[in-house]
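*Asks:* Dropping a structure here in C-alpha cells format, bear with me for questions.
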Amino acid sequence: MTTAETAEKRYLGRRYLWAGIVLAILGPVAYALLIWDGRLFTPWSVPIVGTLGVVLVFTALAYARSVVRVLALVLVGVLAAGEWTLLLKFARLPAYAGPVEVGKPLPPFETRLADGSRFEPANFTGKQNTLLVFFRGRG
C-alpha cells in the first residue's frame with residue numbers, strides 16, 4: 001500500500017470518527033432542545049442516533065486502529081447503551097387494568113396536576129358528580 005493510500009484511509013477514518021462522535025452528542029442535545037420548545041414525545045431518535053454513532057466510530061476503527069478510536073468507541077458505546085436503557089426503562093406504560101365500569105371504583109392511580117399537587121381517586125369522593133377528561137396532547 002502506498003503512502004497516499006494510507007493517508008487517504010486515515011483521512012476517511014477520521015471523518016467517520018468525527019461523524020460518529022458528533023451524532024452521539026447531537027442526539028441528546030437535539031432532544032433537550034425539543035423539550036425546551038415544549039415538544040414532549042418518546043425520544044426514539046436519541047438511542048437510534050447514538051447507535052449510528054457507534055457504527056460510524058467502529059467503521060473508523062476498522063480503517064485505522066488507535067487508542068483514541070478505541071476510547072471513542074467505548075465512550076460512544078456506553079452513551080448509546082445508557083440511552084437505550086433509559087428509554088426502555090422509563091417509556092413503559094402501566095399495566096392495563098381494564099376499562100372503568102359504571103358503579104365500580106376506579107383502578108388505583110396517582111398523577112400530578114398542572115400546579116404540581118397530587119391527584120388520585122380519593123379526590124373524587126363527595127356528593128357531586130365528577131367528569132374526568134383525559135387530554136391526549138396536541139399533534
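Identifiers in this document derive from the order of the C-alpha cells: chains are assigned A, B, ..., residues are numbered from 1 separately in each chain, and ligands are numbered from 1 in order of occurrence.
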I need the residues of stretch 26-136 of chain A that end up classed as strand (DSSP E or B) by DSSP on the backbone, written out as a count of residues only.
*Replies:* 4
*Asks:* Near A:Val74, within 12 Å and counting only C-alpha atoms, which residues show up once chain neighbours fewer than 6 positions away are dropped, as a PyMOL selection string?
*Replies:* chain A and resi 20-21+24+53-55+57-58+61+67-68+80-81
*Asks:* Could the residues in this selection be saved with C-alpha atoms as an mmCIF file, in the first residue's frame?
*Replies:*
data_model
loop_
_atom_site.group_PDB
_atom_site.id
_atom_site.type_symbol
_atom_site.label_atom_id
_atom_site.label_comp_id
_atom_site.auth_asym_id
_atom_site.auth_seq_id
_atom_site.Cartn_x
_atom_site.Cartn_y
_atom_site.Cartn_z
ATOM 1 C CA GLY A 20 -19.850 9.220 14.985
ATOM 2 C CA ILE A 21 -18.838 11.452 17.891
ATOM 3 C CA ALA A 24 -23.592 10.616 19.629
ATOM 4 C CA GLY A 53 -22.664 6.956 16.104
ATOM 5 C CA VAL A 54 -21.300 3.660 17.460
ATOM 6 C CA VAL A 55 -21.410 2.148 13.962
ATOM 7 C CA VAL A 57 -16.855 5.081 15.195
ATOM 8 C CA PHE A 58 -16.483 1.309 14.714
ATOM 9 C CA LEU A 61 -11.650 1.885 13.895
ATOM 10 C CA VAL A 67 -6.030 4.299 21.226
ATOM 11 C CA VAL A 68 -8.145 7.404 20.579
ATOM 12 C CA ALA A 80 -25.723 4.666 23.380
ATOM 13 C CA ALA A 81 -26.254 1.808 25.851
#
*Asks:* If DSSP is run on the backbone, what residues of chain A are helix (DSSP H, G or I)? A reply as number ranges by chain would be ideal.
*Replies:* A: 3-36, 45-63, 67-90, 121-124
*Asks:* For A:Arg65, which of A:Gly13, A:Pro28, A:Val46, A:Glu83 is the closest residue, counting only C-alpha atoms?
*Replies:* A:Gly13
*Asks:* Residues within 12 Å of A:Glu8, please, as a ChimeraX atom specification. Count only C-alpha atoms; anything in the same chain fewer than 6 positions from it doesn't count.
*Replies:* /A:1-2,14-15,63-64
*Asks:* Report the distance between atom CA of A:Ala122 and atom CA of A:Phe90 in Å, rounded to one decimal place.
*Replies:*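 Calculated distance between atom CA of A:Ala122 and atom CA of A:Phe90 is 26.1 Å.
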*Asks:* Counting only C-alpha atoms, which residue out of A:Asn129, A:Thr42, A:Ala32, A:Leu73 sits closest to A:Leu93?
*Replies:*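 Ranking A:Asn129, A:Thr42, A:Ala32, A:Leu73 by distance to A:Leu93, first place goes to A:Thr42.
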*Asks:* Calculate how many Å separate atom CA of A:Ser45 from atom CA of A:Ala19, rounding to one decimal.
*Replies:*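 Atom CA of A:Ser45 sits 16.4 Å away from atom CA of A:Ala19.
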*Asks:* Tell me which of A:Leu26, A:Leu106, A:Ile48, A:Leu56 sits closest to A:Gly82, counting only C-alpha atoms.
*Replies:*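 Closest to A:Gly82 of all the choices is A:Ile48.
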